[in-house]
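**Q** Below is one structure. I have some questions about it.
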Protein chains: 2
Amino acid sequence: MVASTAVRHDVDAIDRRILAELQRDARMSIQDLSSRVGLSASPCARRVRNLEQSGLIRGYTVVIDEPLMGFPISVFVSVKLDHQIDDRLRSFELAVRKFPEVTDCWLMTGDRDYLLRIAVSDLIEFEHFLTGKLTKVEGVASLESSIPIRRVKENSARLE
Amino acid sequence: MVASTAVRHDVDAIDRRILAELQRDARMSIQDLSSRVGLSASPCARRVRNLEQSGLIRGYTVVIDEPLMGFPISVFVSVKLDHQIDDRLRSFELAVRKFPEVTDCWLMTGDRDYLLRIAVSDLIEFEHFLTGKLTKVEGVASLESSIPIRRVKENSARLE
DNA sequence: GTTGAAAACACTGGAGA
DNA sequence: TCTCCAGTGTTTTCAAC
């Protein structure tokens, strides 16, 4: 019996190099990309298409300088909900997805916790976000914030 | 006195829409992009170039499905160093940048802490990473791991 | 995997609103 | 600063090999 429903894609060494190059610069032309990975354009384009269709490449995005964008401060916030009911989780996640301040959100194991990264212009705005928005979401029981100084490494995904 | 050394870029509403569209699909052609933001191609290309040159657009990257890539498990690790000496920080950061398992790393305020996200194929590999690599980095005093169940929101940067 | 030709696209510069 | 347009070179796509 064949289990998989999606088209499986065997990622070989060239695919890895394609992904690494696209991680570095996703707007590179297929021509440039092909010469960097030692292929001609047609098979390179085909590989990229296959990587997209297999779902391994989920998309392409722009890398924005958050400080220049007006949001130099990040804050990590641990959120604890008062009940781990599916409905509560859903409504919390819905709210979080709507808040533009929230850049990342993970549901953690253990103690009905979420881990959020918040991007703000300053701590005043963060205060307003906490009191005016986050604590008003139904089910939020407690919060714990920690502030990073600096981002040391930033890779969208592990490749090797 | 004019303070800024770099070229300042006033981000207007159209620029924001350009950034939002590129965040959705960074490989979109300028033609597509221009019609989506209600501009013709030439000024749209100029705006993108300006956003790149002002540093607001730092680059473009591919969004990879980490589970399909073979790394379905993420772990957040808090690392405490035994001395907050600049030299120790530097060597720790150098090591972290070299480990492919580490996708993100933040230097936190407070207690000489780093926050890392690790991507692994399973918990066995995570164990090996901890014992074989991370704890062997000079200056690492203590570790605390927490495991997420699921990613709820994933935005490379705040835009609004 | 390669080559090559047609179609789509990007870039430039100039005229006019 | 935008639109529109034309000219040029590049890039993508797709067939045939």
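Residue numbers start at 1 in each chain; chains themselves are named A, B, ... in the order of the structure tokens; ligands are numbered from 1 in the order shown.
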Pick out the chain C residues within 12 Å of chain B. Count only C-alpha atoms (C1' of nucleotides). Give them as a PyMOL selection string.
**A** chain C and resi 8-13
**Q** Keeping only C-alpha atoms (C1' of nucleotides), write the selected residues to a file as an mmCIF file, in the first residue's frame.
**A**
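What ended up in selection.cif:
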data_model
loop_
_atom_site.group_PDB
_atom_site.id
_atom_site.type_symbol
_atom_site.label_atom_id
_atom_site.label_comp_id
_atom_site.auth_asym_id
_atom_site.auth_seq_id
_atom_site.Cartn_x
_atom_site.Cartn_y
_atom_site.Cartn_z
ATOM 1 C "C1'" DA C 8 6.568 37.358 -21.636
ATOM 2 C "C1'" DC C 9 8.965 40.464 -18.891
ATOM 3 C "C1'" DA C 10 12.271 44.137 -17.145
ATOM 4 C "C1'" DC C 11 14.606 48.249 -17.768
ATOM 5 C "C1'" DT C 12 15.363 52.812 -19.755
ATOM 6 C "C1'" DG C 13 14.299 57.249 -21.310
#
**Q** Can you list, as a list in words, every protein, DNA or RNA residue that comes within 9 Å of range 14-23 of chain A when you count only C-alpha atoms (C1' of nucleotides), leaving out same-chain residues fewer than 2 positions away?
**A** Asp10, Val11, Asp12, Asp25, Ala26, Arg27, Met28, Leu33, Ser34, Arg36, Val37, Gly38, Leu39, Cys44, Arg47, Val48, Leu51, Ile57, Tyr60, Asn155, Ser156, Ala157, Leu159 and Glu160 of chain A; Tyr60, Thr61, Val62, Val63 and Ile64 of chain B
**Q** What is the distance between CA of Asp122 in chain B and CA of Val96 in chain B, in Å to one decimal?
**A**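 Straight-line distance from CA of Asp122 in chain B to CA of Val96 in chain B works out to 19.6 Å.
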**Q** Got a sec to pull out which chain D residues are within 9 Å of chain A, counting only C-alpha atoms (C1' of nucleotides), and send them as a PyMOL selection string?
**A** chain D and resi 11-13
**Q** May I have the selected residues written with N, CA, C and O atoms (P, O5', C5', C4', C3', O3' and C1' of nucleotides), as a compact mmCIF listing (two decimals), in the first residue's frame?
**A**
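Dumped everything to selection_15.txt:
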# COMPACT_ATOMS: atom_id res chain seq x y z
P DT D 11 18.83 37.75 -17.34
O5' DT D 11 17.39 37.06 -17.39
C5' DT D 11 16.26 37.82 -16.96
C4' DT D 11 15.00 37.00 -17.15
C3' DT D 11 15.15 35.52 -16.79
O3' DT D 11 14.13 35.22 -15.87
C1' DT D 11 14.17 35.76 -18.94
P DT D 12 13.95 33.77 -15.25
O5' DT D 12 12.74 33.20 -16.11
C5' DT D 12 11.52 33.92 -16.11
C4' DT D 12 10.52 33.27 -17.05
C3' DT D 12 10.29 31.78 -16.79
O3' DT D 12 8.88 31.59 -16.71
C1' DT D 12 10.79 32.16 -19.09
P DT D 13 8.22 30.21 -16.22
O5' DT D 13 7.72 29.56 -17.58
C5' DT D 13 7.17 30.40 -18.59
C4' DT D 13 7.02 29.63 -19.89
C3' DT D 13 6.81 28.13 -19.70
O3' DT D 13 5.69 27.75 -20.49
C1' DT D 13 8.55 28.55 -21.25
**Q** I'd like the contact shell of range 110-116 of chain B - 10 Å cut-off, only C-alpha atoms (C1' of nucleotides), skipping same-chain residues fewer than 2 positions apart - returned as an NGL selection string.
**A** (:A and (76 or 146-153)) or (:B and (75-85 or 89 or 92-93 or 96 or 101-108 or 118-119 or 140 or 142-145))
**Q** Restrict the selected residues to N, CA and C atoms and save them as a CSV table (one decimal), in the first residue's frame.
**A**
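Saved result, part.csv, follows:
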chain,number,residue,atom,x,y,z
A,76,PHE,N,9.3,39.1,23.7
A,76,PHE,CA,8.7,37.7,23.7
A,76,PHE,C,7.8,37.7,24.9
A,146,SER,N,9.7,39.0,28.1
A,146,SER,CA,11.2,39.1,28.1
A,146,SER,C,11.6,39.8,26.9
A,147,ILE,N,12.6,40.7,27.1
A,147,ILE,CA,13.0,41.6,26.0
A,147,ILE,C,14.4,41.2,25.5
A,148,PRO,N,14.5,41.0,24.2
A,148,PRO,CA,15.8,40.7,23.6
A,148,PRO,C,16.5,42.0,23.3
A,149,ILE,N,17.8,41.9,23.3
A,149,ILE,CA,18.7,43.0,23.0
A,149,ILE,C,19.0,43.0,21.5
A,150,ARG,N,19.1,41.8,20.9
A,150,ARG,CA,19.7,41.8,19.6
A,150,ARG,C,19.5,40.4,19.0
A,151,ARG,N,19.3,40.4,17.7
A,151,ARG,CA,19.1,39.1,17.0
A,151,ARG,C,20.4,38.6,16.5
A,152,VAL,N,20.7,37.4,16.9
A,152,VAL,CA,22.1,36.9,16.6
A,152,VAL,C,22.0,36.0,15.3
A,153,LYS,N,21.0,35.3,15.1
A,153,LYS,CA,20.9,34.4,13.9
A,153,LYS,C,19.4,34.4,13.5
B,75,VAL,N,12.5,23.0,18.9
B,75,VAL,CA,12.6,23.1,20.3
B,75,VAL,C,13.2,24.5,20.6
B,76,PHE,N,12.6,25.1,21.6
B,76,PHE,CA,13.1,26.4,22.1
B,76,PHE,C,14.1,26.1,23.3
B,77,VAL,N,15.3,26.6,23.2
B,77,VAL,CA,16.2,26.4,24.2
B,77,VAL,C,16.7,27.7,24.8
B,78,SER,N,16.6,27.9,26.1
B,78,SER,CA,17.2,29.0,26.8
B,78,SER,C,18.6,28.6,27.3
B,79,VAL,N,19.6,29.4,26.9
B,79,VAL,CA,21.0,29.1,27.2
B,79,VAL,C,21.5,30.1,28.2
B,80,LYS,N,22.1,29.7,29.3
B,80,LYS,CA,22.7,30.6,30.2
B,80,LYS,C,24.2,30.4,30.1
B,81,LEU,N,24.9,31.5,30.0
B,81,LEU,CA,26.4,31.4,30.0
B,81,LEU,C,26.9,31.7,31.4
B,82,ASP,N,28.1,31.1,31.7
B,82,ASP,CA,28.6,31.3,33.0
B,82,ASP,C,29.2,32.6,33.3
B,83,HIS,N,29.7,33.3,32.3
B,83,HIS,CA,30.2,34.7,32.5
B,83,HIS,C,29.7,35.5,31.3
B,84,GLN,N,29.3,36.7,31.6
B,84,GLN,CA,28.9,37.6,30.5
B,84,GLN,C,30.1,38.4,30.1
B,85,ILE,N,31.1,37.8,29.6
B,85,ILE,CA,32.3,38.4,29.1
B,85,ILE,C,32.1,38.5,27.6
B,89,LEU,N,30.6,35.8,24.8
B,89,LEU,CA,29.4,36.0,24.0
B,89,LEU,C,29.8,35.7,22.5
B,92,PHE,N,30.4,32.1,21.7
B,92,PHE,CA,29.1,31.4,21.7
B,92,PHE,C,28.3,31.7,20.4
B,93,GLU,N,28.2,32.9,20.0
B,93,GLU,CA,27.5,33.3,18.8
B,93,GLU,C,28.1,32.7,17.6
B,96,VAL,N,27.0,29.1,17.5
B,96,VAL,CA,25.6,29.0,17.1
B,96,VAL,C,25.3,29.3,15.7
B,101,GLU,N,21.4,23.3,13.0
B,101,GLU,CA,20.2,23.0,13.7
B,101,GLU,C,19.6,24.2,14.3
B,102,VAL,N,20.4,25.3,14.5
B,102,VAL,CA,19.9,26.5,15.1
B,102,VAL,C,19.3,27.4,14.0
B,103,THR,N,18.0,27.6,14.1
B,103,THR,CA,17.4,28.5,13.1
B,103,THR,C,17.3,29.9,13.5
B,104,ASP,N,17.2,30.2,14.8
B,104,ASP,CA,17.1,31.5,15.3
B,104,ASP,C,17.8,31.6,16.6
B,105,CYS,N,18.3,32.8,16.9
B,105,CYS,CA,19.0,33.0,18.1
B,105,CYS,C,18.9,34.5,18.5
B,106,TRP,N,18.5,34.7,19.7
B,106,TRP,CA,18.3,36.1,20.3
B,106,TRP,C,19.1,36.2,21.5
B,107,LEU,N,19.8,37.3,21.7
B,107,LEU,CA,20.5,37.6,23.0
B,107,LEU,C,19.4,38.4,23.8
B,108,MET,N,19.2,37.9,25.0
B,108,MET,CA,18.1,38.5,25.8
B,108,MET,C,18.7,39.4,26.9
B,118,ILE,N,15.7,25.5,17.7
B,118,ILE,CA,16.4,24.4,17.1
B,118,ILE,C,15.4,23.6,16.3
B,119,ALA,N,15.8,23.2,15.1
B,119,ALA,CA,14.9,22.4,14.2
B,119,ALA,C,15.6,21.0,14.1
B,140,VAL,N,28.9,27.6,28.3
B,140,VAL,CA,27.5,27.3,28.5
B,140,VAL,C,27.3,26.7,29.9
B,142,SER,N,23.9,26.6,31.7
B,142,SER,CA,22.7,25.8,31.9
B,142,SER,C,21.8,26.0,30.7
B,143,LEU,N,20.9,25.0,30.6
B,143,LEU,CA,20.0,25.0,29.4
B,143,LEU,C,18.6,24.7,29.9
B,144,GLU,N,17.6,25.2,29.2
B,144,GLU,CA,16.2,24.9,29.5
B,144,GLU,C,15.5,24.8,28.2
B,145,SER,N,14.8,23.6,28.0
B,145,SER,CA,14.2,23.4,26.7
B,145,SER,C,12.7,23.4,26.8
**Q** Step one, run DSSP on the backbone; step two, keep only residues of range 23-136 of chain A assigned to helix (DSSP H, G or I); then write them as a PyMOL selection string.
**A** chain A and resi 23-24+30-37+41-53+86-98+123-132+134-136
**Q** Can you spit out the residues from that selection as a PDB file, in the first residue's frame, using C-alpha atoms?
**A**
ATOM      1  CA  GLN A  23      17.069  31.295   0.787  1.00  0.00           C
ATOM      2  CA  ARG A  24      19.828  33.810   0.107  1.00  0.00           C
ATOM      3  CA  ILE A  30      16.248  31.069 -12.954  1.00  0.00           C
ATOM      4  CA  GLN A  31      19.211  31.723 -15.216  1.00  0.00           C
ATOM      5  CA  ASP A  32      21.396  32.974 -12.391  1.00  0.00           C
ATOM      6  CA  LEU A  33      20.181  30.205 -10.161  1.00  0.00           C
ATOM      7  CA  SER A  34      20.892  27.546 -12.765  1.00  0.00           C
ATOM      8  CA  SER A  35      24.469  28.656 -13.292  1.00  0.00           C
ATOM      9  CA  ARG A  36      25.056  28.781  -9.538  1.00  0.00           C
ATOM     10  CA  VAL A  37      23.913  25.216  -9.068  1.00  0.00           C
ATOM     11  CA  ALA A  41      17.936  26.944 -17.097  1.00  0.00           C
ATOM     12  CA  SER A  42      15.278  24.429 -18.153  1.00  0.00           C
ATOM     13  CA  PRO A  43      15.987  21.607 -15.668  1.00  0.00           C
ATOM     14  CA  CYS A  44      16.567  24.201 -12.985  1.00  0.00           C
ATOM     15  CA  ALA A  45      13.151  25.743 -13.594  1.00  0.00           C
ATOM     16  CA  ARG A  46      11.639  22.260 -13.579  1.00  0.00           C
ATOM     17  CA  ARG A  47      13.247  21.465 -10.229  1.00  0.00           C
ATOM     18  CA  VAL A  48      11.978  24.708  -8.715  1.00  0.00           C
ATOM     19  CA  ARG A  49       8.483  23.935 -10.001  1.00  0.00           C
ATOM     20  CA  ASN A  50       8.655  20.445  -8.530  1.00  0.00           C
ATOM     21  CA  LEU A  51       9.815  21.810  -5.195  1.00  0.00           C
ATOM     22  CA  GLU A  52       6.879  24.212  -5.234  1.00  0.00           C
ATOM     23  CA  GLN A  53       4.345  21.573  -6.200  1.00  0.00           C
ATOM     24  CA  ASP A  86     -10.349  23.861  22.221  1.00  0.00           C
ATOM     25  CA  ASP A  87     -12.759  26.711  21.806  1.00  0.00           C
ATOM     26  CA  ARG A  88     -10.631  29.021  23.920  1.00  0.00           C
ATOM     27  CA  LEU A  89      -7.512  28.086  21.991  1.00  0.00           C
ATOM     28  CA  ARG A  90      -9.285  28.801  18.730  1.00  0.00           C
ATOM     29  CA  SER A  91     -10.539  32.200  19.747  1.00  0.00           C
ATOM     30  CA  PHE A  92      -7.167  33.158  21.204  1.00  0.00           C
ATOM     31  CA  GLU A  93      -5.425  32.147  17.987  1.00  0.00           C
ATOM     32  CA  LEU A  94      -7.922  34.058  15.929  1.00  0.00           C
ATOM     33  CA  ALA A  95      -7.247  37.206  17.938  1.00  0.00           C
ATOM     34  CA  VAL A  96      -3.511  36.735  17.735  1.00  0.00           C
ATOM     35  CA  ARG A  97      -3.614  36.341  13.975  1.00  0.00           C
ATOM     36  CA  LYS A  98      -5.426  39.635  13.720  1.00  0.00           C
ATOM     37  CA  LEU A 123       7.823  50.169  25.241  1.00  0.00           C
ATOM     38  CA  ILE A 124       4.936  52.610  25.513  1.00  0.00           C
ATOM     39  CA  GLU A 125       3.312  50.957  22.554  1.00  0.00           C
ATOM     40  CA  PHE A 126       4.049  47.561  24.058  1.00  0.00           C
ATOM     41  CA  GLU A 127       2.347  48.598  27.283  1.00  0.00           C
ATOM     42  CA  HIS A 128      -0.682  49.726  25.309  1.00  0.00           C
ATOM     43  CA  PHE A 129      -0.726  46.480  23.372  1.00  0.00           C
ATOM     44  CA  LEU A 130      -0.657  44.455  26.573  1.00  0.00           C
ATOM     45  CA  THR A 131      -3.273  46.387  28.498  1.00  0.00           C
ATOM     46  CA  GLY A 132      -5.482  47.389  25.597  1.00  0.00           C
ATOM     47  CA  LEU A 134      -3.703  41.133  24.713  1.00  0.00           C
ATOM     48  CA  THR A 135      -5.027  41.000  28.261  1.00  0.00           C
ATOM     49  CA  LYS A 136      -8.521  41.708  26.936  1.00  0.00           C
TER      50      LYS A 136
END
**Q** Write out as a PyMOL selection string the set of residues from range 26-150 of chain A that DSSP, computed on the backbone, places in strand (DSSP E).
**A** chain A and resi 57-64+73-81+102-108+113-120+140-146+148-150
**Q** Would you mind telling me which residue in B:Thr109, B:Ser121, B:Gly70, B:Ser54 lies nearest to chain A when using only C-alpha atoms?
**A**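 Using only C-alpha atoms, the shortest distance to chain A belongs to B:Thr109.
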**Q** Return the single residue from B:Gly59, B:Gly139, B:Pro67, B:Pro72 that is closest to chain A, with distances computed using only C-alpha atoms.
**A**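 Closest to chain A, using only C-alpha atoms: B:Gly59.
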**Q** Grab the C1' of DA17 in chain C to CA of Ala13 in chain B distance for me, in Å with one decimal place.
**A**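 CA of Ala13 in chain B lies 22.3 Å from C1' of DA17 in chain C.
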